[in-house]
Amino acid sequence: MTKTYCGFAAVIGPPNAGKTTLMNALVGQKMGIVSAKVQTTRTRLRGIAMAEATQIILVDTPGIFEPQKRLDRAMVHEAWSAVKEADEIMLVLDVAHDIKGGEITPQLDIVLQGLADVKKPVSLVLNKIDLVARKSLPALIAMLNAHYSFSHSFLIAANADDGVADIKSHLQSSMPEGVWLYPEDMAADIPSRLLAAEITREKLFVHLHQELPYALSVETETWETHKKHDLRIEQTIYVRREGQRAIILGAQGRTIKHIGASSRKELEQIFDCRVHLFLFVKVRKNWQDDPARYRALGLTYQV
Ligand SMILES: Nc1nc2c(ncn2[C@@H]2O[C@H](COP(=O)(O)OP(=O)(O)OP(=O)(O)O)[C@@H](O)[C@H]2O)c(=O)[nH]1
Ligand SMILES: [Mg+2]
């Protein structure tokens, strides 16, 4: 029998570095949501990439930053928990944002401090190289390696799939021998209900401005199959204040209608069937202090 290999690779880094974009590129399909705003990913998501006899289980994580509130703490806790279970760690940085004037920014410093005691191979992944001059990159790699001893360095533009194949072959050669933990044709270990809630949350990120996306969460309440293959999905958007509810609804319910339509369109593509999506907006003042909401989001309340 041929040998098989299987292991975990955690994708960590500051908020907005492009971690989920890299994950989606490695997995070859969308399994996590991406946005131009920081703190898009809220929980640990597993994606699966196959490379011949090797199964690479990628773990996407929320961005690491100085947590202020309970929800922030829970998110950062997820990222460091992923590091604990990983065989390989990929530190993804936005080369135009996390390093300024050839220096480490305070937000990157927080991540490097957390990595100080980690005794596992950590690869440096400089992302968004399309945004800077190529000739500046060798000096940046040298500077970062003077701060932390990385096992490998990669230069990529994740959203253009540039350099992603090199990361995949590196991970392929680094995974330990072992049985595959997931079926070969499975791309992501994310329950459909959670993925559907995330897709709606992504549309909220796109359609709403400023801080509002941080004040809300989305939960899938019902999931039913109709007429053999149509899906009927009901979701609740939780907000903290009545004013936020009004903004999401919009004049004559126009905003929520847009959000619902674009979410439904994408859900139909993902699940390959007709989707009837019903969105409700509820005010729950202290949802960010409610243990039940954390469980629903896949987060730990007490950290
Ligand atoms: N120019 C450029 N933009 C990129 C690249 N990769 C990702 N982006 C953009 O960077 C933004 C953040 O990407 P995400 O993948 O959501 O980043 P993340 O690290 O998962 O962010 P959080 O989940 O919020 O921590 C999005 O607008 C992406 O389209 C790249 O190679 N070049
Ligand atoms: Mg993300």
# chains A, B, ... in the order shown; residues from 1 in each chain; ligands from 1
>>> residues_near_ligand(ligand="ligand 2", cutoff="6 Å", atoms="only C-alpha atoms and all ligand atoms", output="ChimeraX atom specification")
/A:19-20,34,40-41,62
>>> write_last_selection(atoms="N, CA and C atoms", output="PDB file, in the first residue's frame")
ATOM      1  N   LYS A  19      -5.407  36.227   4.744  1.00  0.00           N
ATOM      2  CA  LYS A  19      -5.364  34.825   5.171  1.00  0.00           C
ATOM      3  C   LYS A  19      -6.462  33.998   4.502  1.00  0.00           C
ATOM      4  N   THR A  20      -7.677  34.512   4.542  1.00  0.00           N
ATOM      5  CA  THR A  20      -8.792  33.747   3.964  1.00  0.00           C
ATOM      6  C   THR A  20      -8.654  33.669   2.438  1.00  0.00           C
ATOM      7  N   VAL A  34     -14.339  36.913   2.553  1.00  0.00           N
ATOM      8  CA  VAL A  34     -13.245  37.866   2.425  1.00  0.00           C
ATOM      9  C   VAL A  34     -13.856  39.257   2.353  1.00  0.00           C
ATOM     10  N   THR A  40     -12.745  40.175   9.547  1.00  0.00           N
ATOM     11  CA  THR A  40     -13.822  39.540   8.808  1.00  0.00           C
ATOM     12  C   THR A  40     -14.060  38.119   9.330  1.00  0.00           C
ATOM     13  N   THR A  41     -12.984  37.374   9.452  1.00  0.00           N
ATOM     14  CA  THR A  41     -13.108  35.992   9.924  1.00  0.00           C
ATOM     15  C   THR A  41     -13.261  35.999  11.438  1.00  0.00           C
ATOM     16  N   PRO A  62      -9.107  33.971  12.742  1.00  0.00           N
ATOM     17  CA  PRO A  62      -9.321  35.418  12.820  1.00  0.00           C
ATOM     18  C   PRO A  62      -7.969  36.127  12.949  1.00  0.00           C
TER      19      PRO A  62
END
>>> residues_around(residues="Leu131 of chain A", least_positions_apart="3", cutoff="8 Å", atoms="only C-alpha atoms", output="MDAnalysis selection string")
chainID A and resid 95:96 128
>>> write_last_selection(atoms="C-alpha atoms", output="short mmCIF file (atom, residue, chain, number, x, y, z; two decimals), in the first residue's frame")
data_model
loop_
_atom_site.label_atom_id
_atom_site.label_comp_id
_atom_site.auth_asym_id
_atom_site.auth_seq_id
_atom_site.Cartn_x
_atom_site.Cartn_y
_atom_site.Cartn_z
CA VAL A 95 3.49 43.65 2.79
CA ALA A 96 2.15 47.16 2.22
CA LYS A 128 -0.02 41.58 -1.67
#
>>> select_by_dssp(residues="segment 35-272 of chain A", states="strand (DSSP E)", output="mmCIF file with N, CA and C atoms, in the first residue's frame")
data_model
loop_
_atom_site.group_PDB
_atom_site.id
_atom_site.type_symbol
_atom_site.label_atom_id
_atom_site.label_comp_id
_atom_site.auth_asym_id
_atom_site.auth_seq_id
_atom_site.Cartn_x
_atom_site.Cartn_y
_atom_site.Cartn_z
ATOM 1 N N LEU A 45 -11.719 28.029 10.714
ATOM 2 C CA LEU A 45 -12.385 27.291 9.641
ATOM 3 C C LEU A 45 -11.374 26.338 9.014
ATOM 4 N N ARG A 46 -11.800 25.123 8.784
ATOM 5 C CA ARG A 46 -10.882 24.163 8.171
ATOM 6 C C ARG A 46 -11.178 23.973 6.693
ATOM 7 N N GLY A 47 -10.132 24.070 5.891
ATOM 8 C CA GLY A 47 -10.240 23.770 4.463
ATOM 9 C C GLY A 47 -9.290 22.631 4.144
ATOM 10 N N ILE A 48 -9.609 21.867 3.137
ATOM 11 C CA ILE A 48 -8.796 20.684 2.847
ATOM 12 C C ILE A 48 -8.210 20.782 1.442
ATOM 13 N N ALA A 49 -6.894 20.635 1.354
ATOM 14 C CA ALA A 49 -6.228 20.631 0.045
ATOM 15 C C ALA A 49 -5.556 19.273 -0.138
ATOM 16 N N MET A 50 -5.744 18.669 -1.295
ATOM 17 C CA MET A 50 -5.121 17.378 -1.584
ATOM 18 C C MET A 50 -3.942 17.606 -2.522
ATOM 19 N N ALA A 51 -2.844 16.905 -2.259
ATOM 20 C CA ALA A 51 -1.682 16.948 -3.148
ATOM 21 C C ALA A 51 -1.133 15.524 -3.214
ATOM 22 N N THR A 54 -0.949 13.292 -0.137
ATOM 23 C CA THR A 54 -0.940 14.139 1.064
ATOM 24 C C THR A 54 -2.237 14.940 1.206
ATOM 25 N N GLN A 55 -2.753 14.903 2.412
ATOM 26 C CA GLN A 55 -3.902 15.741 2.723
ATOM 27 C C GLN A 55 -3.425 16.866 3.643
ATOM 28 N N ILE A 56 -3.647 18.101 3.180
ATOM 29 C CA ILE A 56 -3.240 19.260 3.987
ATOM 30 C C ILE A 56 -4.519 19.873 4.558
ATOM 31 N N ILE A 57 -4.616 19.851 5.873
ATOM 32 C CA ILE A 57 -5.796 20.453 6.503
ATOM 33 C C ILE A 57 -5.397 21.870 6.915
ATOM 34 N N LEU A 58 -5.967 22.831 6.204
ATOM 35 C CA LEU A 58 -5.626 24.229 6.437
ATOM 36 C C LEU A 58 -6.591 24.808 7.453
ATOM 37 N N VAL A 59 -6.063 25.575 8.351
ATOM 38 C CA VAL A 59 -6.921 26.167 9.375
ATOM 39 C C VAL A 59 -6.847 27.684 9.263
ATOM 40 N N ASP A 60 -7.923 28.281 8.790
ATOM 41 C CA ASP A 60 -8.002 29.743 8.691
ATOM 42 C C ASP A 60 -8.388 30.290 10.066
ATOM 43 N N GLU A 88 2.395 22.852 10.903
ATOM 44 C CA GLU A 88 3.093 23.923 10.193
ATOM 45 C C GLU A 88 2.303 25.206 10.408
ATOM 46 N N ILE A 89 3.010 26.316 10.493
ATOM 47 C CA ILE A 89 2.324 27.595 10.665
ATOM 48 C C ILE A 89 2.725 28.523 9.518
ATOM 49 N N MET A 90 1.727 29.145 8.924
ATOM 50 C CA MET A 90 1.986 30.110 7.860
ATOM 51 C C MET A 90 1.621 31.482 8.415
ATOM 52 N N LEU A 91 2.607 32.349 8.559
ATOM 53 C CA LEU A 91 2.325 33.716 9.022
ATOM 54 C C LEU A 91 2.146 34.604 7.792
ATOM 55 N N VAL A 92 0.920 35.059 7.583
ATOM 56 C CA VAL A 92 0.614 35.876 6.399
ATOM 57 C C VAL A 92 0.638 37.351 6.774
ATOM 58 N N LEU A 93 1.379 38.143 5.995
ATOM 59 C CA LEU A 93 1.447 39.586 6.236
ATOM 60 C C LEU A 93 1.067 40.349 4.984
ATOM 61 N N ASP A 94 0.424 41.471 5.182
ATOM 62 C CA ASP A 94 0.173 42.417 4.096
ATOM 63 C C ASP A 94 1.439 43.260 3.985
ATOM 64 N N ILE A 99 4.190 46.223 7.408
ATOM 65 C CA ILE A 99 5.577 46.682 7.503
ATOM 66 C C ILE A 99 5.565 48.096 6.928
ATOM 67 N N LYS A 100 6.063 49.031 7.708
ATOM 68 C CA LYS A 100 6.033 50.434 7.232
ATOM 69 C C LYS A 100 7.430 51.010 7.271
ATOM 70 N N GLU A 103 10.086 48.911 8.618
ATOM 71 C CA GLU A 103 10.014 48.580 10.052
ATOM 72 C C GLU A 103 8.762 47.754 10.355
ATOM 73 N N ILE A 104 8.850 46.984 11.432
ATOM 74 C CA ILE A 104 7.704 46.200 11.895
ATOM 75 C C ILE A 104 6.682 47.133 12.547
ATOM 76 N N VAL A 122 7.618 27.879 11.356
ATOM 77 C CA VAL A 122 6.762 28.993 10.947
ATOM 78 C C VAL A 122 7.299 29.543 9.620
ATOM 79 N N SER A 123 6.441 29.571 8.615
ATOM 80 C CA SER A 123 6.842 30.147 7.326
ATOM 81 C C SER A 123 6.356 31.582 7.248
ATOM 82 N N LEU A 124 7.169 32.407 6.622
ATOM 83 C CA LEU A 124 6.803 33.801 6.399
ATOM 84 C C LEU A 124 6.160 33.908 5.016
ATOM 85 N N VAL A 125 4.942 34.448 4.983
ATOM 86 C CA VAL A 125 4.250 34.619 3.701
ATOM 87 C C VAL A 125 3.981 36.106 3.504
ATOM 88 N N LEU A 126 4.766 36.727 2.648
ATOM 89 C CA LEU A 126 4.533 38.147 2.361
ATOM 90 C C LEU A 126 3.515 38.232 1.237
ATOM 91 N N ASN A 127 2.335 38.731 1.572
ATOM 92 C CA ASN A 127 1.230 38.783 0.616
ATOM 93 C C ASN A 127 1.054 40.209 0.066
ATOM 94 N N HIS A 152 10.821 29.132 6.284
ATOM 95 C CA HIS A 152 10.787 29.393 4.842
ATOM 96 C C HIS A 152 10.178 30.775 4.615
ATOM 97 N N SER A 153 10.423 31.321 3.417
ATOM 98 C CA SER A 153 9.777 32.593 3.061
ATOM 99 C C SER A 153 9.115 32.461 1.704
ATOM 100 N N PHE A 154 7.947 33.080 1.586
ATOM 101 C CA PHE A 154 7.223 33.060 0.310
ATOM 102 C C PHE A 154 6.765 34.471 -0.026
ATOM 103 N N LEU A 155 6.791 34.767 -1.317
ATOM 104 C CA LEU A 155 6.294 36.054 -1.806
ATOM 105 C C LEU A 155 5.087 35.759 -2.676
ATOM 106 N N ALA A 188 -14.079 21.464 2.494
ATOM 107 C CA ALA A 188 -14.115 22.286 3.696
ATOM 108 C C ALA A 188 -14.895 21.583 4.790
ATOM 109 N N ASP A 189 -14.442 21.815 6.008
ATOM 110 C CA ASP A 189 -15.160 21.260 7.144
ATOM 111 C C ASP A 189 -15.902 22.399 7.822
ATOM 112 N N SER A 217 -24.254 39.880 14.134
ATOM 113 C CA SER A 217 -23.904 38.491 13.842
ATOM 114 C C SER A 217 -25.090 37.862 13.121
ATOM 115 N N VAL A 218 -24.813 36.799 12.384
ATOM 116 C CA VAL A 218 -25.860 36.149 11.604
ATOM 117 C C VAL A 218 -25.945 34.687 12.016
ATOM 118 N N GLU A 219 -27.161 34.209 12.232
ATOM 119 C CA GLU A 219 -27.349 32.786 12.542
ATOM 120 C C GLU A 219 -28.405 32.189 11.621
ATOM 121 N N THR A 220 -28.153 30.979 11.166
ATOM 122 C CA THR A 220 -29.141 30.270 10.365
ATOM 123 C C THR A 220 -30.085 29.560 11.327
ATOM 124 N N GLU A 221 -31.372 29.890 11.241
ATOM 125 C CA GLU A 221 -32.336 29.328 12.197
ATOM 126 C C GLU A 221 -33.023 28.087 11.644
ATOM 127 N N THR A 222 -33.425 28.137 10.386
ATOM 128 C CA THR A 222 -34.049 26.931 9.818
ATOM 129 C C THR A 222 -33.456 26.635 8.455
ATOM 130 N N TRP A 223 -33.486 25.361 8.137
ATOM 131 C CA TRP A 223 -32.848 24.851 6.929
ATOM 132 C C TRP A 223 -33.706 23.685 6.470
ATOM 133 N N GLU A 224 -34.516 23.914 5.475
ATOM 134 C CA GLU A 224 -35.430 22.841 5.050
ATOM 135 C C GLU A 224 -35.322 22.624 3.553
ATOM 136 N N THR A 225 -35.482 21.374 3.159
ATOM 137 C CA THR A 225 -35.514 21.067 1.724
ATOM 138 C C THR A 225 -36.964 20.970 1.283
ATOM 139 N N HIS A 226 -37.292 21.650 0.191
ATOM 140 C CA HIS A 226 -38.653 21.651 -0.326
ATOM 141 C C HIS A 226 -38.665 21.067 -1.732
ATOM 142 N N ASP A 230 -35.267 22.235 -3.599
ATOM 143 C CA ASP A 230 -35.187 23.649 -3.208
ATOM 144 C C ASP A 230 -34.820 23.769 -1.728
ATOM 145 N N LEU A 231 -34.083 24.827 -1.409
ATOM 146 C CA LEU A 231 -33.751 25.051 0.004
ATOM 147 C C LEU A 231 -34.527 26.241 0.532
ATOM 148 N N ARG A 232 -35.072 26.089 1.732
ATOM 149 C CA ARG A 232 -35.686 27.227 2.407
ATOM 150 C C ARG A 232 -34.828 27.518 3.639
ATOM 151 N N ILE A 233 -34.254 28.710 3.641
ATOM 152 C CA ILE A 233 -33.327 29.065 4.720
ATOM 153 C C ILE A 233 -33.841 30.320 5.422
ATOM 154 N N GLU A 234 -33.928 30.246 6.740
ATOM 155 C CA GLU A 234 -34.267 31.451 7.507
ATOM 156 C C GLU A 234 -33.070 31.842 8.365
ATOM 157 N N GLN A 235 -32.738 33.107 8.308
ATOM 158 C CA GLN A 235 -31.595 33.576 9.096
ATOM 159 C C GLN A 235 -31.973 34.812 9.905
ATOM 160 N N THR A 236 -31.354 34.907 11.068
ATOM 161 C CA THR A 236 -31.552 36.105 11.888
ATOM 162 C C THR A 236 -30.257 36.899 11.941
ATOM 163 N N ILE A 237 -30.391 38.194 11.723
ATOM 164 C CA ILE A 237 -29.263 39.104 11.884
ATOM 165 C C ILE A 237 -29.452 39.771 13.248
ATOM 166 N N TYR A 238 -28.525 39.527 14.145
ATOM 167 C CA TYR A 238 -28.619 40.147 15.469
ATOM 168 C C TYR A 238 -27.846 41.455 15.476
ATOM 169 N N VAL A 239 -28.491 42.491 15.971
ATOM 170 C CA VAL A 239 -27.810 43.770 16.139
ATOM 171 C C VAL A 239 -27.941 44.208 17.600
#
>>> residues_near_ligand(ligand="ligand 1", cutoff="10 Å", atoms="only C-alpha atoms and all ligand atoms", output="ChimeraX atom specification")
/A:11-25,32-43,60-65,75-76,79,92-96,126-132,155-163,202
>>> write_last_selection(atoms="C-alpha atoms", output="PDB file, in the first residue's frame")
ATOM      1  CA  VAL A  11      -2.837  30.301   8.606  1.00  0.00           C
ATOM      2  CA  ILE A  12      -2.340  33.183  11.018  1.00  0.00           C
ATOM      3  CA  GLY A  13      -1.502  36.873  10.864  1.00  0.00           C
ATOM      4  CA  PRO A  14      -2.747  40.387  11.543  1.00  0.00           C
ATOM      5  CA  PRO A  15      -6.287  41.336  10.464  1.00  0.00           C
ATOM      6  CA  ASN A  16      -6.852  41.889   6.724  1.00  0.00           C
ATOM      7  CA  ALA A  17      -3.517  40.337   5.647  1.00  0.00           C
ATOM      8  CA  GLY A  18      -5.239  38.051   3.144  1.00  0.00           C
ATOM      9  CA  LYS A  19      -5.364  34.825   5.171  1.00  0.00           C
ATOM     10  CA  THR A  20      -8.792  33.747   3.964  1.00  0.00           C
ATOM     11  CA  THR A  21      -7.929  34.703   0.384  1.00  0.00           C
ATOM     12  CA  LEU A  22      -4.885  32.423   0.607  1.00  0.00           C
ATOM     13  CA  MET A  23      -6.959  29.631   2.135  1.00  0.00           C
ATOM     14  CA  ASN A  24      -9.536  29.833  -0.624  1.00  0.00           C
ATOM     15  CA  ALA A  25      -6.757  29.756  -3.234  1.00  0.00           C
ATOM     16  CA  GLY A  32     -14.360  31.471   3.914  1.00  0.00           C
ATOM     17  CA  ILE A  33     -15.532  35.017   3.401  1.00  0.00           C
ATOM     18  CA  VAL A  34     -13.245  37.866   2.425  1.00  0.00           C
ATOM     19  CA  SER A  35     -13.693  41.610   2.766  1.00  0.00           C
ATOM     20  CA  ALA A  36     -11.729  44.814   2.563  1.00  0.00           C
ATOM     21  CA  LYS A  37     -12.447  45.444   6.259  1.00  0.00           C
ATOM     22  CA  VAL A  38     -10.437  44.071   9.189  1.00  0.00           C
ATOM     23  CA  GLN A  39     -11.738  41.274  11.437  1.00  0.00           C
ATOM     24  CA  THR A  40     -13.822  39.540   8.808  1.00  0.00           C
ATOM     25  CA  THR A  41     -13.108  35.992   9.924  1.00  0.00           C
ATOM     26  CA  ARG A  42     -14.495  35.295  13.379  1.00  0.00           C
ATOM     27  CA  THR A  43     -13.777  31.659  13.965  1.00  0.00           C
ATOM     28  CA  ASP A  60      -8.002  29.743   8.691  1.00  0.00           C
ATOM     29  CA  THR A  61      -8.119  31.983  11.740  1.00  0.00           C
ATOM     30  CA  PRO A  62      -9.321  35.418  12.820  1.00  0.00           C
ATOM     31  CA  GLY A  63      -6.672  38.126  12.612  1.00  0.00           C
ATOM     32  CA  ILE A  64      -4.514  38.581  15.694  1.00  0.00           C
ATOM     33  CA  PHE A  65      -4.702  41.988  17.356  1.00  0.00           C
ATOM     34  CA  MET A  75     -11.482  35.583  18.203  1.00  0.00           C
ATOM     35  CA  VAL A  76      -7.806  35.962  19.064  1.00  0.00           C
ATOM     36  CA  ALA A  79      -6.126  31.938  16.272  1.00  0.00           C
ATOM     37  CA  VAL A  92       0.614  35.876   6.399  1.00  0.00           C
ATOM     38  CA  LEU A  93       1.447  39.586   6.236  1.00  0.00           C
ATOM     39  CA  ASP A  94       0.173  42.417   4.096  1.00  0.00           C
ATOM     40  CA  VAL A  95       3.487  43.650   2.794  1.00  0.00           C
ATOM     41  CA  ALA A  96       2.149  47.163   2.219  1.00  0.00           C
ATOM     42  CA  LEU A 126       4.533  38.147   2.361  1.00  0.00           C
ATOM     43  CA  ASN A 127       1.230  38.783   0.616  1.00  0.00           C
ATOM     44  CA  LYS A 128      -0.022  41.581  -1.672  1.00  0.00           C
ATOM     45  CA  ILE A 129       3.340  41.917  -3.420  1.00  0.00           C
ATOM     46  CA  ASP A 130       1.429  43.538  -6.275  1.00  0.00           C
ATOM     47  CA  LEU A 131       1.198  46.656  -4.084  1.00  0.00           C
ATOM     48  CA  VAL A 132       4.925  47.291  -3.594  1.00  0.00           C
ATOM     49  CA  LEU A 155       6.294  36.054  -1.806  1.00  0.00           C
ATOM     50  CA  ILE A 156       2.730  35.915  -3.047  1.00  0.00           C
ATOM     51  CA  ALA A 157      -0.296  37.782  -4.347  1.00  0.00           C
ATOM     52  CA  ALA A 158      -3.025  35.517  -3.028  1.00  0.00           C
ATOM     53  CA  ASN A 159      -5.883  37.178  -4.887  1.00  0.00           C
ATOM     54  CA  ALA A 160      -4.101  36.599  -8.201  1.00  0.00           C
ATOM     55  CA  ASP A 161      -3.056  33.037  -7.278  1.00  0.00           C
ATOM     56  CA  ASP A 162       0.537  34.163  -7.684  1.00  0.00           C
ATOM     57  CA  GLY A 163       2.969  32.060  -5.627  1.00  0.00           C
ATOM     58  CA  GLU A 202     -20.194  38.923   3.826  1.00  0.00           C
TER      59      GLU A 202
END
>>> select_by_dssp(residues="segment 29-209 of chain A", states="alpha helix (DSSP H)", output="PyMOL selection string")
chain A and resi 70-85+106-115+137-147+164-174+192-207
>>> write_last_selection(atoms="C-alpha atoms", output="PDB file, in the first residue's frame")
ATOM      1  CA  ARG A  70     -14.946  39.797  24.928  1.00  0.00           C
ATOM      2  CA  LEU A  71     -15.680  39.037  21.281  1.00  0.00           C
ATOM      3  CA  ASP A  72     -12.169  40.220  20.309  1.00  0.00           C
ATOM      4  CA  ARG A  73     -10.655  38.002  22.974  1.00  0.00           C
ATOM      5  CA  ALA A  74     -12.630  34.994  21.788  1.00  0.00           C
ATOM      6  CA  MET A  75     -11.482  35.583  18.203  1.00  0.00           C
ATOM      7  CA  VAL A  76      -7.806  35.962  19.064  1.00  0.00           C
ATOM      8  CA  HIS A  77      -8.061  32.863  21.269  1.00  0.00           C
ATOM      9  CA  GLU A  78      -9.213  30.901  18.193  1.00  0.00           C
ATOM     10  CA  ALA A  79      -6.126  31.938  16.272  1.00  0.00           C
ATOM     11  CA  TRP A  80      -3.697  30.804  18.973  1.00  0.00           C
ATOM     12  CA  SER A  81      -5.618  27.554  19.479  1.00  0.00           C
ATOM     13  CA  ALA A  82      -5.074  26.794  15.791  1.00  0.00           C
ATOM     14  CA  VAL A  83      -1.334  27.256  16.293  1.00  0.00           C
ATOM     15  CA  LYS A  84      -1.427  24.645  19.074  1.00  0.00           C
ATOM     16  CA  GLU A  85      -2.959  21.978  16.848  1.00  0.00           C
ATOM     17  CA  PRO A 106       2.990  47.551  16.323  1.00  0.00           C
ATOM     18  CA  GLN A 107       0.215  45.304  14.985  1.00  0.00           C
ATOM     19  CA  LEU A 108       2.775  42.874  13.560  1.00  0.00           C
ATOM     20  CA  ASP A 109       4.819  43.044  16.728  1.00  0.00           C
ATOM     21  CA  ILE A 110       1.866  41.635  18.694  1.00  0.00           C
ATOM     22  CA  VAL A 111       1.867  38.552  16.454  1.00  0.00           C
ATOM     23  CA  LEU A 112       5.634  38.068  16.612  1.00  0.00           C
ATOM     24  CA  GLN A 113       5.557  38.272  20.407  1.00  0.00           C
ATOM     25  CA  GLY A 114       2.911  35.561  20.484  1.00  0.00           C
ATOM     26  CA  LEU A 115       5.057  33.373  18.251  1.00  0.00           C
ATOM     27  CA  LEU A 137      11.247  42.665  -0.955  1.00  0.00           C
ATOM     28  CA  PRO A 138      14.647  40.994  -0.254  1.00  0.00           C
ATOM     29  CA  ALA A 139      15.472  43.634   2.374  1.00  0.00           C
ATOM     30  CA  LEU A 140      12.093  43.099   4.055  1.00  0.00           C
ATOM     31  CA  ILE A 141      12.629  39.355   4.236  1.00  0.00           C
ATOM     32  CA  ALA A 142      16.079  39.886   5.768  1.00  0.00           C
ATOM     33  CA  MET A 143      14.689  42.372   8.304  1.00  0.00           C
ATOM     34  CA  LEU A 144      11.880  40.019   9.354  1.00  0.00           C
ATOM     35  CA  ASN A 145      14.239  37.062   9.667  1.00  0.00           C
ATOM     36  CA  ALA A 146      16.392  39.127  11.996  1.00  0.00           C
ATOM     37  CA  HIS A 147      13.357  39.365  14.312  1.00  0.00           C
ATOM     38  CA  VAL A 164       0.248  29.921  -4.067  1.00  0.00           C
ATOM     39  CA  ALA A 165       1.457  26.722  -5.773  1.00  0.00           C
ATOM     40  CA  ASP A 166       4.872  27.064  -4.077  1.00  0.00           C
ATOM     41  CA  ILE A 167       3.193  27.179  -0.677  1.00  0.00           C
ATOM     42  CA  LYS A 168       1.152  24.134  -1.524  1.00  0.00           C
ATOM     43  CA  SER A 169       4.177  22.094  -2.553  1.00  0.00           C
ATOM     44  CA  HIS A 170       6.036  23.182   0.565  1.00  0.00           C
ATOM     45  CA  LEU A 171       3.121  22.039   2.730  1.00  0.00           C
ATOM     46  CA  GLN A 172       2.876  18.826   0.756  1.00  0.00           C
ATOM     47  CA  SER A 173       6.467  17.970   1.612  1.00  0.00           C
ATOM     48  CA  SER A 174       6.067  18.932   5.294  1.00  0.00           C
ATOM     49  CA  SER A 192     -23.653  24.319   5.595  1.00  0.00           C
ATOM     50  CA  ARG A 193     -25.679  26.351   8.087  1.00  0.00           C
ATOM     51  CA  LEU A 194     -22.612  28.237   9.249  1.00  0.00           C
ATOM     52  CA  LEU A 195     -21.332  28.777   5.712  1.00  0.00           C
ATOM     53  CA  ALA A 196     -24.740  30.134   4.693  1.00  0.00           C
ATOM     54  CA  ALA A 197     -24.694  32.538   7.661  1.00  0.00           C
ATOM     55  CA  GLU A 198     -21.184  33.634   6.705  1.00  0.00           C
ATOM     56  CA  ILE A 199     -22.225  34.345   3.120  1.00  0.00           C
ATOM     57  CA  THR A 200     -24.982  36.659   4.375  1.00  0.00           C
ATOM     58  CA  ARG A 201     -22.525  38.287   6.762  1.00  0.00           C
ATOM     59  CA  GLU A 202     -20.194  38.923   3.826  1.00  0.00           C
ATOM     60  CA  LYS A 203     -22.976  40.756   1.974  1.00  0.00           C
ATOM     61  CA  LEU A 204     -23.618  42.838   5.088  1.00  0.00           C
ATOM     62  CA  PHE A 205     -19.931  43.781   5.061  1.00  0.00           C
ATOM     63  CA  VAL A 206     -20.269  44.872   1.450  1.00  0.00           C
ATOM     64  CA  HIS A 207     -23.517  46.827   1.788  1.00  0.00           C
TER      65      HIS A 207
END
>>> atom_distance(atom1="atom CA of Val27 of chain A", atom2="atom CA of Ile270 of chain A")
14.7 Å
>>> closest_residue(among="A:Gly250, A:Pro67, A:Gly102, A:Pro121", to="Val281 of chain A", atoms="only C-alpha atoms")
A:Gly250
>>> closest_residue(among="A:Lys120, A:His229, A:Lys3, A:Lys69", to="Asp272 of chain A", atoms="only C-alpha atoms")
A:His229
>>> atom_distance(atom1="atom CA of Lys119 of chain A", atom2="atom CA of Tyr148 of chain A")
11.8 Å
>>> atom_distance(atom1="atom CA of Val275 of chain A", atom2="atom CA of Gly253 of chain A")
20.0 Å
>>> residues_around(residues="Gln244 of chain A", least_positions_apart="5", cutoff="12 Å", atoms="only C-alpha atoms", output="PyMOL selection string")
chain A and resi 208-216+237-239+249-250+281-285
